[in-house]
file target.txt (compact mmCIF, C-alpha atoms)
# COMPACT_ATOMS: atom_id res chain seq x y z
CA MET A 190 99.74 113.16 117.21
CA GLU A 191 102.68 113.24 114.86
CA THR A 192 105.29 116.02 114.69
CA VAL A 193 106.63 116.80 111.25
CA ALA A 194 108.67 119.46 109.50
CA CYS A 195 107.05 120.97 106.42
CA PRO A 196 108.95 119.71 103.33
CA ASP A 197 108.61 123.12 101.66
CA CYS A 198 109.49 125.50 104.52
CA ASP A 199 110.87 123.27 107.32
CA LEU A 200 108.42 124.62 109.94
CA LEU A 201 107.94 122.22 112.84
CA GLN A 202 104.36 121.44 113.61
CA ARG A 203 102.07 118.79 114.98
CA ILE A 204 99.51 117.16 112.79
CA PRO A 205 96.24 116.91 114.71
CA PRO A 206 94.12 113.77 114.43
CA LEU A 207 92.28 114.20 111.17
CA PRO A 208 88.69 113.23 110.45
CA PRO A 209 88.26 110.82 107.51
CA GLY A 210 88.57 112.83 104.33
CA GLY A 211 90.34 115.60 106.28
CA LYS A 212 93.47 117.43 105.27
CA ALA A 213 96.18 119.35 107.17
CA ARG A 214 98.05 122.27 105.64
CA CYS A 215 101.27 123.91 106.78
CA SER A 216 100.33 126.93 108.88
CA ARG A 217 103.11 128.98 107.29
CA CYS A 218 103.38 128.13 103.60
CA GLY A 219 100.16 126.20 102.96
CA TYR A 220 101.80 122.92 101.87
CA SER A 221 99.43 119.98 102.09
CA LEU A 222 101.10 118.07 104.93
CA ALA A 223 98.72 115.21 105.43
CA THR A 224 95.47 113.82 104.18
CA ARG A 225 93.36 111.13 105.66
CA PRO A 226 91.59 109.19 102.95
CA SER A 227 88.55 107.35 104.23
CA ASP A 228 89.88 104.04 102.92
CA PRO A 229 93.67 104.32 102.53
CA LEU A 230 94.53 100.72 101.62
CA GLU A 231 91.66 98.87 99.91
CA LEU A 232 90.43 101.62 97.60
CA PRO A 233 93.86 102.57 96.17
CA LEU A 234 94.57 98.87 95.67
CA ALA A 235 91.34 98.39 93.73
CA LEU A 236 92.06 101.48 91.63
CA THR A 237 95.63 100.35 90.96
CA VAL A 238 94.48 96.90 89.81
CA ALA A 239 92.00 98.60 87.49
CA ALA A 240 94.73 100.92 86.20
CA ALA A 241 97.03 97.94 85.53
CA ILE A 242 94.39 96.23 83.38
CA VAL A 243 93.49 99.40 81.49
CA PHE A 244 97.17 100.20 81.02
CA ILE A 245 97.76 96.87 79.26
CA VAL A 246 94.84 97.59 76.91
CA ALA A 247 96.12 101.13 76.28
CA ASN A 248 99.50 99.80 75.26
CA THR A 249 98.46 96.85 73.13
CA ALA A 250 95.41 98.17 71.29
CA PRO A 251 96.03 100.61 68.42
CA LEU A 252 95.85 104.21 69.54
CA MET A 253 94.67 105.53 66.24
CA GLY A 254 94.60 104.69 62.58
CA LEU A 255 95.09 106.82 59.54
CA SER A 256 93.99 106.27 56.00
CA ALA A 257 94.66 108.27 52.88
CA VAL A 258 94.16 107.33 49.26
CA GLY A 259 93.90 103.62 49.91
CA ARG A 260 96.86 103.43 52.26
CA SER A 261 96.56 103.05 55.97
CA ALA A 262 98.74 103.13 59.04
CA SER A 263 98.16 102.72 62.75
CA THR A 264 100.24 103.14 65.85
CA THR A 265 100.45 102.28 69.52
CA ILE A 266 102.12 104.37 72.23
CA ILE A 267 105.38 102.46 72.18
CA GLY A 268 105.15 102.33 68.39
CA GLY A 269 105.33 106.12 68.35
CA ALA A 270 108.46 106.14 70.47
CA TYR A 271 109.99 103.38 68.34
CA GLU A 272 109.30 105.30 65.12
CA MET A 273 111.18 108.29 66.57
CA TRP A 274 114.06 105.94 67.38
CA LEU A 275 114.04 104.52 63.83
CA GLN A 276 114.04 108.00 62.34
CA GLY A 277 117.29 108.80 64.07
CA GLN A 278 115.91 110.56 67.17
CA VAL A 279 117.22 107.90 69.55
CA VAL A 280 117.30 110.06 72.68
CA THR A 281 113.92 111.67 72.04
CA GLY A 282 112.43 108.24 71.39
CA ALA A 283 113.83 107.02 74.70
CA VAL A 284 112.47 110.07 76.57
CA VAL A 285 109.02 109.53 75.06
CA ALA A 286 109.13 105.80 75.87
CA PHE A 287 110.12 106.60 79.44
CA CYS A 288 107.51 109.30 80.10
CA ALA A 289 104.64 107.58 78.28
CA VAL A 290 105.23 103.88 79.00
CA ILE A 291 108.05 102.97 81.37
CA ALA A 292 107.34 105.52 84.12
CA PRO A 293 103.57 104.93 84.34
CA ALA A 294 104.02 101.14 84.05
CA SER A 295 106.61 101.05 86.83
CA TYR A 296 104.47 103.38 88.93
CA ILE A 297 101.51 101.00 88.68
CA LEU A 298 103.72 97.99 89.36
CA PHE A 299 105.43 99.55 92.40
CA MET A 300 102.17 100.83 93.87
CA LEU A 301 100.61 97.41 93.41
CA THR A 302 103.53 95.74 95.20
CA VAL A 303 103.55 98.31 98.02
CA LEU A 304 99.81 98.11 98.59
CA LEU A 305 99.84 94.31 98.58
CA ALA A 306 102.90 94.06 100.83
CA VAL A 307 101.51 96.33 103.57
CA ARG A 308 98.43 94.21 104.00
CA ARG A 309 100.40 92.13 106.49
CA PRO A 310 102.42 94.59 108.63
CA PRO A 311 105.22 94.97 109.31
CA ALA A 312 106.15 95.10 105.65
CA PRO A 313 109.82 94.49 104.76
CA ARG A 314 112.12 97.47 104.25
CA TRP A 315 112.25 97.28 100.45
CA VAL A 316 108.59 98.33 100.43
CA GLY A 317 109.67 101.77 101.63
CA GLU A 318 112.36 101.90 98.96
CA MET A 319 109.74 101.04 96.35
CA LEU A 320 107.39 103.74 97.60
CA ARG A 321 110.19 106.26 97.20
CA TRP A 322 110.70 105.19 93.58
CA ALA A 323 106.98 105.29 92.93
CA ARG A 324 106.94 108.93 94.03
CA HIS A 325 109.74 109.85 91.62
CA LEU A 326 108.13 107.92 88.78
CA GLN A 327 104.86 109.71 89.36
CA LEU A 328 106.58 112.98 88.45
CA TRP A 329 107.83 111.58 85.15
CA SER A 330 104.73 109.75 84.09
CA MET A 331 103.06 112.11 81.64
CA LEU A 332 99.97 110.36 80.33
CA GLU A 333 97.87 113.51 80.49
CA VAL A 334 100.43 115.52 78.53
CA MET A 335 100.71 112.69 76.02
CA THR A 336 96.93 112.60 75.53
CA LEU A 337 96.80 116.30 74.74
CA GLY A 338 99.78 115.78 72.41
CA ILE A 339 97.94 113.00 70.58
CA LEU A 340 94.86 115.18 70.18
CA VAL A 341 96.88 118.04 68.72
CA ALA A 342 98.65 115.59 66.38
CA LEU A 343 95.28 114.13 65.32
CA PHE A 344 94.02 117.58 64.52
CA LYS A 345 97.09 118.43 62.47
CA ILE A 346 96.85 115.20 60.49
CA ALA A 347 93.10 115.46 60.02
CA GLU A 348 93.84 118.10 57.38
CA LEU A 349 95.72 115.54 55.31
CA ALA A 350 93.99 112.23 55.89
CA THR A 351 91.18 110.47 57.69
CA VAL A 352 92.09 109.65 61.27
CA ASP A 353 90.19 107.24 63.51
CA ALA A 354 90.60 106.97 67.25
CA GLY A 355 91.32 103.40 68.33
CA VAL A 356 90.48 101.38 71.44
CA GLY A 357 93.85 102.35 72.90
CA LEU A 358 92.90 106.02 72.97
CA TYR A 359 89.78 105.31 75.02
CA ALA A 360 91.85 103.23 77.42
CA VAL A 361 94.27 106.14 77.80
CA GLY A 362 91.28 108.36 78.57
CA ALA A 363 90.28 105.98 81.38
CA LEU A 364 93.82 106.10 82.78
CA LEU A 365 93.58 109.87 82.98
CA VAL A 366 90.83 109.38 85.53
CA LEU A 367 92.39 106.40 87.35
CA PHE A 368 95.83 107.92 87.98
CA PRO A 369 94.65 111.01 89.86
CA ALA A 370 92.12 108.83 91.70
CA ILE A 371 94.92 106.60 93.03
CA MET A 372 96.88 109.66 94.17
CA ILE A 373 93.90 111.23 95.94
CA HIS A 374 93.00 108.08 97.85
CA PHE A 375 96.54 107.15 98.80
CA ASP A 376 98.34 108.29 101.97
CA PRO A 377 102.08 107.54 102.15
CA ARG A 378 102.05 108.04 105.95
CA GLU A 379 99.76 105.04 106.24
CA ILE A 380 102.36 102.94 104.41
CA TRP A 381 105.30 104.21 106.44
CA GLN A 382 103.52 103.24 109.65
CA ARG A 383 103.44 99.67 108.40
CA VAL A 384 107.02 99.37 107.18
CA GLU A 385 109.77 97.80 109.25
CA TRP A 386 112.34 100.30 110.55
CA ALA A 387 115.86 100.33 109.17
CA GLU A 388 117.28 100.20 112.70
CA GLY A 389 114.85 97.83 114.32
CA GLU A 390 111.71 99.05 116.06
CA VAL A 391 112.47 102.44 117.59
CA PRO A 392 109.80 104.65 119.16
CA PRO A 393 109.60 108.02 117.38
CA PRO A 394 111.23 110.89 119.30
CA MET A 395 109.05 113.60 120.75
CA PRO A 396 110.54 116.99 119.85
CA PRO A 397 109.78 120.05 122.02
CA GLU A 398 106.56 121.98 122.07
CA VAL A 399 105.71 123.28 118.65
CA PRO A 400 102.68 125.04 117.27
CA ALA A 401 100.01 122.77 115.94
CA THR A 402 98.79 122.93 112.39
CA GLU A 403 95.38 124.32 111.80
CA PRO A 404 93.32 121.58 110.22
CA ALA A 405 91.81 122.83 107.01
CA ARG A 406 88.24 121.63 106.96
CA MET B 100 103.76 134.81 113.00
CA THR B 101 104.22 133.82 116.62
CA ALA B 102 107.52 133.80 118.47
CA ALA B 103 107.24 130.02 118.77
CA THR B 104 107.75 129.62 115.01
CA LEU B 105 110.67 127.25 114.66
CA THR B 106 112.07 125.29 111.81
CA ALA B 107 113.42 121.79 112.16
CA ALA B 108 116.92 122.98 111.26
CA GLN B 109 116.83 125.62 114.03
CA GLU B 110 115.96 122.89 116.51
CA GLY B 111 118.77 120.67 115.23
CA LEU B 112 116.22 118.29 113.75
CA VAL B 113 116.29 116.94 110.23
CA SER B 114 113.27 115.76 108.31
CA CYS B 115 113.75 112.72 106.07
CA GLU B 116 112.90 113.64 102.47
CA THR B 117 111.75 110.10 101.78
CA CYS B 118 109.50 109.21 104.73
CA SER B 119 109.33 112.59 106.56
CA LEU B 120 110.42 111.13 109.90
CA LEU B 121 112.10 113.70 112.16
CA SER B 122 115.54 112.76 113.50
CA ARG B 123 117.96 114.47 115.84
CA PRO B 124 121.38 113.69 114.35
CA ALA B 125 124.37 113.56 116.67
CA SER B 126 126.44 115.84 114.45
CA ALA B 127 125.13 118.60 112.21
CA ALA B 128 127.87 118.05 109.63
CA GLU B 129 127.16 114.31 109.22
CA PRO B 130 123.44 113.73 109.81
CA GLY B 131 123.76 110.08 108.76
CA PHE B 132 120.80 107.94 107.72
CA CYS B 133 117.11 107.85 108.54
CA ARG B 134 116.32 105.30 111.24
CA ARG B 135 113.04 104.36 109.64
CA CYS B 136 113.72 104.13 105.90
CA GLY B 137 117.53 104.23 105.73
CA ALA B 138 117.69 107.19 103.31
CA ARG B 139 120.57 109.65 103.62
CA LEU B 140 119.57 112.59 105.79
CA GLU B 141 120.27 116.19 104.77
CA PHE B 142 119.27 119.44 106.45
CA ARG B 143 119.01 120.99 102.98
CA ARG B 144 119.41 119.34 99.60
CA HIS B 145 123.09 118.96 98.82
CA ALA B 146 124.60 121.87 96.83
CA SER B 147 121.06 122.78 95.80
CA ILE B 148 121.88 126.24 94.44
CA GLN B 149 124.89 125.11 92.39
CA TYR B 150 123.06 122.13 90.85
CA THR B 151 119.98 124.18 90.07
CA TRP B 152 122.01 126.97 88.43
CA ALA B 153 123.95 124.44 86.34
CA LEU B 154 120.74 122.80 85.11
CA VAL B 155 119.00 126.15 84.45
CA ILE B 156 121.97 127.41 82.41
CA ALA B 157 122.17 124.15 80.44
CA ALA B 158 118.43 124.36 79.73
CA ALA B 159 118.72 128.01 78.64
CA ILE B 160 121.45 127.05 76.17
CA CYS B 161 119.35 124.22 74.73
CA TYR B 162 116.35 126.54 74.47
CA ILE B 163 117.96 128.40 71.54
CA PRO B 164 118.45 125.45 69.11
CA ALA B 165 115.14 124.02 70.34
CA ASN B 166 113.38 127.03 68.81
CA ALA B 167 115.69 127.72 65.90
CA LEU B 168 116.02 124.20 64.47
CA PRO B 169 113.16 122.41 62.71
CA VAL B 170 111.18 119.86 64.72
CA LEU B 171 109.37 118.27 61.79
CA THR B 172 110.13 117.79 58.10
CA THR B 173 107.21 116.88 55.83
CA ASN B 174 108.04 115.10 52.57
CA THR B 175 105.35 115.05 49.90
CA LEU B 176 106.21 113.62 46.49
CA GLY B 177 109.60 115.16 45.98
CA SER B 178 109.11 118.36 47.91
CA SER B 179 109.96 118.74 51.56
CA GLU B 180 109.12 121.38 54.11
CA SER B 181 110.60 121.96 57.56
CA ASP B 182 108.78 123.40 60.54
CA THR B 183 110.07 124.85 63.77
CA ILE B 184 107.97 124.92 66.94
CA ILE B 185 106.70 128.41 66.13
CA GLY B 186 106.01 127.18 62.59
CA GLY B 187 103.79 124.48 64.06
CA VAL B 188 101.90 127.07 66.08
CA VAL B 189 101.42 129.22 62.98
CA PHE B 190 100.21 126.16 61.04
CA LEU B 191 97.58 125.41 63.68
CA TYR B 192 96.52 129.06 63.73
CA THR B 193 96.20 129.42 59.97
CA SER B 194 94.34 126.12 59.66
CA GLY B 195 91.62 127.69 61.76
CA SER B 196 92.25 126.33 65.21
CA TRP B 197 93.40 129.17 67.39
CA PRO B 198 92.57 127.37 70.69
CA LEU B 199 95.00 124.54 69.83
CA ALA B 200 97.55 127.06 68.55
CA LEU B 201 97.28 128.90 71.86
CA ILE B 202 97.71 125.68 73.88
CA VAL B 203 100.84 124.73 71.95
CA LEU B 204 102.19 128.28 72.15
CA ILE B 205 101.73 128.33 75.94
CA ALA B 206 103.08 124.81 76.50
CA SER B 207 106.04 125.00 74.12
CA VAL B 208 107.20 128.60 74.20
CA MET B 209 105.86 130.37 77.25
CA ILE B 210 106.08 127.63 79.90
CA PRO B 211 109.75 126.69 79.26
CA LEU B 212 110.74 130.37 79.14
CA GLY B 213 108.65 131.16 82.22
CA LYS B 214 110.25 128.26 84.09
CA LEU B 215 113.77 129.46 83.31
CA VAL B 216 112.95 133.01 84.42
CA ALA B 217 111.14 131.81 87.55
CA LEU B 218 113.96 129.47 88.62
CA ALA B 219 116.60 132.15 88.01
CA TYR B 220 114.52 134.61 90.05
CA LEU B 221 114.17 132.11 92.92
CA LEU B 222 117.91 131.37 92.86
CA ILE B 223 118.90 135.05 92.83
CA THR B 224 116.53 136.01 95.65
CA VAL B 225 117.74 133.07 97.77
CA GLN B 226 121.38 133.97 97.11
CA ARG B 227 120.75 137.60 98.05
CA GLY B 228 119.11 136.43 101.27
CA SER B 229 115.80 138.09 100.54
CA ALA B 230 113.22 137.66 103.31
CA GLU B 231 110.37 139.22 101.37
CA SER B 232 107.34 137.57 99.80
CA THR B 233 108.42 134.11 100.94
CA ARG B 234 104.91 132.73 100.61
CA GLU B 235 104.56 134.00 97.05
CA ARG B 236 107.94 132.63 96.08
CA THR B 237 107.04 129.23 97.52
CA ARG B 238 103.85 129.36 95.48
CA LEU B 239 105.85 130.26 92.38
CA TYR B 240 108.12 127.27 93.00
CA ARG B 241 105.16 124.92 93.30
CA MET B 242 103.77 126.29 90.07
CA VAL B 243 107.08 125.62 88.30
CA GLU B 244 107.06 122.08 89.67
CA PHE B 245 103.46 121.48 88.69
CA ILE B 246 103.33 123.07 85.24
CA GLY B 247 106.78 121.96 84.06
CA ARG B 248 105.68 118.63 82.64
CA TRP B 249 103.24 120.27 80.23
CA SER B 250 106.02 121.63 78.07
CA MET B 251 106.64 118.04 76.95
CA LEU B 252 103.49 118.53 74.84
CA ASP B 253 105.27 119.37 71.62
CA VAL B 254 107.53 116.32 71.88
CA PHE B 255 104.45 114.11 72.04
CA VAL B 256 102.75 115.98 69.17
CA ASP B 257 105.82 115.46 66.99
CA THR B 258 106.21 111.82 68.02
CA PHE B 259 102.68 110.84 67.11
CA THR B 260 102.68 112.89 63.93
CA VAL B 261 105.84 111.09 62.82
CA ALA B 262 104.50 107.70 63.90
CA LEU B 263 101.28 108.04 61.93
CA VAL B 264 102.26 109.87 58.79
CA GLN B 265 104.41 107.18 57.19
CA LEU B 266 102.68 106.73 53.86
CA GLN B 267 105.76 106.26 51.69
CA PRO B 268 106.28 107.26 48.97
CA LEU B 269 103.21 109.49 49.03
CA MET B 270 103.87 111.41 52.16
CA SER B 271 106.03 111.03 55.24
CA VAL B 272 107.07 113.13 58.21
CA GLU B 273 110.51 113.01 59.79
CA PRO B 274 111.58 114.43 63.12
CA GLY B 275 114.11 117.29 63.01
CA PRO B 276 117.04 117.98 65.33
CA GLY B 277 115.04 120.62 67.23
CA VAL B 278 112.99 117.91 68.97
CA LEU B 279 116.05 116.59 70.77
CA PHE B 280 116.96 120.02 72.14
CA PHE B 281 113.38 120.69 73.05
CA ALA B 282 113.10 117.42 75.01
CA ALA B 283 116.41 118.34 76.68
CA VAL B 284 115.00 121.71 77.79
CA VAL B 285 112.01 120.02 79.39
CA VAL B 286 114.04 117.31 81.14
CA LEU B 287 116.69 119.77 82.35
CA THR B 288 114.18 122.26 83.74
CA MET B 289 112.30 119.44 85.49
CA LEU B 290 115.55 118.25 87.06
CA ALA B 291 116.38 121.85 88.03
CA ALA B 292 113.03 122.21 89.81
CA GLU B 293 113.72 118.90 91.58
CA SER B 294 117.15 119.94 92.80
CA PHE B 295 116.02 123.34 94.10
CA ASP B 296 115.27 123.24 97.82
CA PRO B 297 112.24 125.45 98.61
CA ARG B 298 113.23 125.55 102.30
CA LEU B 299 116.08 127.87 101.31
CA ILE B 300 113.45 130.52 100.51
CA TRP B 301 112.43 130.52 104.17
CA ASP B 302 115.92 130.23 105.63
CA SER B 303 116.87 133.77 104.59
CA GLY B 304 114.40 135.29 107.04
CA HIS B 305 116.47 134.20 110.05
CA ARG B 306 120.14 134.53 109.30
CA LYS B 307 121.29 133.26 112.69
CA ARG B 308 122.13 129.75 111.57
CA PRO B 309 124.71 128.99 108.92
CA ARG B 310 123.15 127.82 105.69
CA HIS B 311 123.20 124.10 105.05
CA GLY B 312 123.31 123.28 101.48
call {"tool": "encode", "arguments": {"input": "target.txt", "output": "structure tokens"}}
result
Amino acid sequence: METVACPDCDLLQRIPPLPPGGKARCSRCGYSLATRPSDPLELPLALTVAAAIVFIVANTAPLMGLSAVGRSASTTIIGGAYEMWLQGQVVTGAVVAFCAVIAPASYILFMLTVLLAVRRPPAPRWVGEMLRWARHLQLWSMLEVMTLGILVALFKIAELATVDAGVGLYAVGALLVLFPAIMIHFDPREIWQRVEWAEGEVPPPMPPEVPATEPAR
Amino acid sequence: MTAATLTAAQEGLVSCETCSLLSRPASAAEPGFCRRCGARLEFRRHASIQYTWALVIAAAICYIPANALPVLTTNTLGSSESDTIIGGVVFLYTSGSWPLALIVLIASVMIPLGKLVALAYLLITVQRGSAESTRERTRLYRMVEFIGRWSMLDVFVDTFTVALVQLQPLMSVEPGPGVLFFAAVVVLTMLAAESFDPRLIWDSGHRKRPRHG
């Protein structure tokens, strides 16, 4: 049984042993403290490999094409950011490139490394560092927002010209399913249990008696 | 709430924000580093209120040019037309798609404004030491954190409109200066939500301990 403090309200509580697929919430503020995915290492790894392949397709295949009176144009995700850059919006272009390409790509790469490295515990310390970065990158990776943005843009342009969705757009659609799937089936606690400690192997301290969390379902 | 309700800080324990390991630091002023992952330990995020206020105010300032300046300029054979964010919403509405107009209106106008108001409200209640509706305020904070990214929508709409409509000399679309300010509002409010420490909401209830932060 592990004692933790809720990250949102700092309440001390013990996490009871969870059944597979179970979830523990903070008894005070309702924060989701822990989940126990039925397969915390193999399934996220498989999903991340799939996401990596689909991500490459999404970024190399044309997202959409446009044709009007005999002229045509097409773009990729990074092409969109680059066009912003060329048109003088350097910072905006960089923000778009970061949120739509760099953050999700690094997230996939870091998760892949972490999940491969913990297969032979104890994993070296930099795995923990990478996991921390992956969590920050997850916040800034905005594929779902981008997809809605593309759809709105398509609709606006459809008034002026013929627009065709490309292979890239379908790949982005697949990523919208894969990303949340990785997050649902992944448990950072599982990783931390397999990472080498910064100060050698120290047994975790046992703080005083604290109320236990009620397991939700 | 039972009498046994204790926070980590009240027990002199600090929870690592990176790996959530509990540590009992030797000194409260210098908690040091996490023994498991080596991250710097803090009872509460460092200068959380000051950083969050600074970012909220910066975002509020950028919000004005973001809405006043054009985000897109359409050039068609000699004539050019500039659109602000609201102009884009009106365009979508008049071209017969009120659901899309509503989505853009919510994502681009209401969410950024709502985030600024919500963060200011959270900061003021924490500073006044309010112990009321802590659960609701925590929920509000999570909503701000969760919904914040969606206001990037208009930046993506503009980017892909510009990227596609480059049919010179027939027709082309250029980004306007408003996009930069708009992206700044989104990034700044996201950073503000990140730097706010939700545990401060709960600290006010028990004033016994000095505030860390």
call {"tool": "closest_atom_pairs", "arguments": {"input": "target.txt", "of": "region 293-395 of chain A", "to": "region 222-227 of chain A", "cutoff": "7 Å", "atoms": "all atoms listed in the file", "output": "tab-separated table"}}
result
residue	atom	partner	partner_atom	distance
A:His374	CA	A:Pro226	CA	5.4
A:Phe375	CA	A:Pro226	CA	6.8
A:Asp376	CA	A:Thr224	CA	6.6
call {"tool": "interface_residues", "arguments": {"input": "target.txt", "of": "chain A", "to": "chain B", "cutoff": "6 Å", "atoms": "all atoms listed in the file", "output": "list in words"}}
result
Ala194, Asp197, Cys198, Asp199, Leu200, Leu201, Cys218, Gly269, Glu272, Thr281, Val334, Met335, Gly338, Ile339, Ala342, Trp386, Ala387 and Glu388 of chain A
call {"tool": "atom_distance", "arguments": {"input": "target.txt", "atom1": "CA of Thr265 (chain A)", "atom2": "CA of Ala283 (chain A)"}}
result
15.1 Å
call {"tool": "atom_distance", "arguments": {"input": "target.txt", "atom1": "CA of Ala247 (chain A)", "atom2": "CA of Leu358 (chain A)"}}
result
6.7 Å
call {"tool": "atom_distance", "arguments": {"input": "target.txt", "atom1": "CA of Phe344 (chain A)", "atom2": "CA of Pro211 (chain B)"}}
result
23.4 Å
call {"tool": "residues_around", "arguments": {"input": "target.txt", "residues": "region 146-163 of chain B", "least_positions_apart": "2", "cutoff": "8 Å", "atoms": "only C-alpha atoms", "output": "number ranges by chain"}}
result
B: 143-144, 165-167, 215, 218-219, 222, 280-281, 283-285, 287-288, 290-292, 294-296, 312
call {"tool": "closest_residue", "arguments": {"input": "target.txt", "among": "B:Ala230, B:Val243, B:Val188, B:Leu176", "to": "Lys214 (chain B)", "atoms": "only C-alpha atoms"}}
result
B:Val243
call {"tool": "closest_residue", "arguments": {"input": "target.txt", "among": "B:Tyr192, B:Pro268, B:Ile223, B:Arg139", "to": "Arg260 (chain A)", "atoms": "all atoms listed in the file"}}
result
B:Pro268
call {"tool": "closest_residue", "arguments": {"input": "target.txt", "among": "B:Gly213, B:Asp182, B:Ser271, B:Arg227", "to": "Ala262 (chain A)", "atoms": "all atoms listed in the file"}}
result
B:Ser271
call {"tool": "build_atoms", "arguments": {"input": "target.txt", "residues": "region 309-324 of chain A", "atoms": "N, CA and C atoms", "output": "short mmCIF file (atom, residue, chain, number, x, y, z; two decimals), in the coordinates of the input"}}
result
data_model
loop_
_atom_site.label_atom_id
_atom_site.label_comp_id
_atom_site.auth_asym_id
_atom_site.auth_seq_id
_atom_site.Cartn_x
_atom_site.Cartn_y
_atom_site.Cartn_z
N ARG A 309 100.01 92.89 105.30
CA ARG A 309 100.40 92.13 106.49
C ARG A 309 101.58 92.84 107.16
N PRO A 310 101.32 93.87 108.01
CA PRO A 310 102.42 94.59 108.63
C PRO A 310 103.14 93.74 109.67
N PRO A 311 104.42 93.94 109.96
CA PRO A 311 105.22 94.97 109.31
C PRO A 311 105.75 94.51 107.95
N ALA A 312 105.67 95.41 106.99
CA ALA A 312 106.15 95.10 105.65
C ALA A 312 107.68 95.22 105.64
N PRO A 313 108.35 94.41 104.81
CA PRO A 313 109.82 94.49 104.76
C PRO A 313 110.30 95.86 104.29
N ARG A 314 111.57 96.14 104.51
CA ARG A 314 112.12 97.47 104.25
C ARG A 314 112.08 97.88 102.79
N TRP A 315 112.22 96.90 101.89
CA TRP A 315 112.25 97.28 100.45
C TRP A 315 110.92 97.89 100.00
N VAL A 316 109.87 97.70 100.78
CA VAL A 316 108.59 98.33 100.43
C VAL A 316 108.73 99.85 100.49
N GLY A 317 109.43 100.34 101.51
CA GLY A 317 109.67 101.77 101.63
C GLY A 317 110.47 102.29 100.46
N GLU A 318 111.50 101.53 100.10
CA GLU A 318 112.36 101.90 98.96
C GLU A 318 111.51 102.02 97.68
N MET A 319 110.59 101.07 97.52
CA MET A 319 109.74 101.04 96.35
C MET A 319 108.79 102.23 96.33
N LEU A 320 108.30 102.60 97.49
CA LEU A 320 107.39 103.74 97.60
C LEU A 320 108.12 105.01 97.18
N ARG A 321 109.40 105.09 97.57
CA ARG A 321 110.19 106.26 97.20
C ARG A 321 110.32 106.35 95.68
N TRP A 322 110.59 105.21 95.05
CA TRP A 322 110.70 105.19 93.58
C TRP A 322 109.38 105.53 92.93
N ALA A 323 108.31 105.01 93.51
CA ALA A 323 106.98 105.29 92.93
C ALA A 323 106.73 106.79 92.92
N ARG A 324 107.16 107.49 93.96
CA ARG A 324 106.94 108.93 94.03
C ARG A 324 107.71 109.67 92.95
#
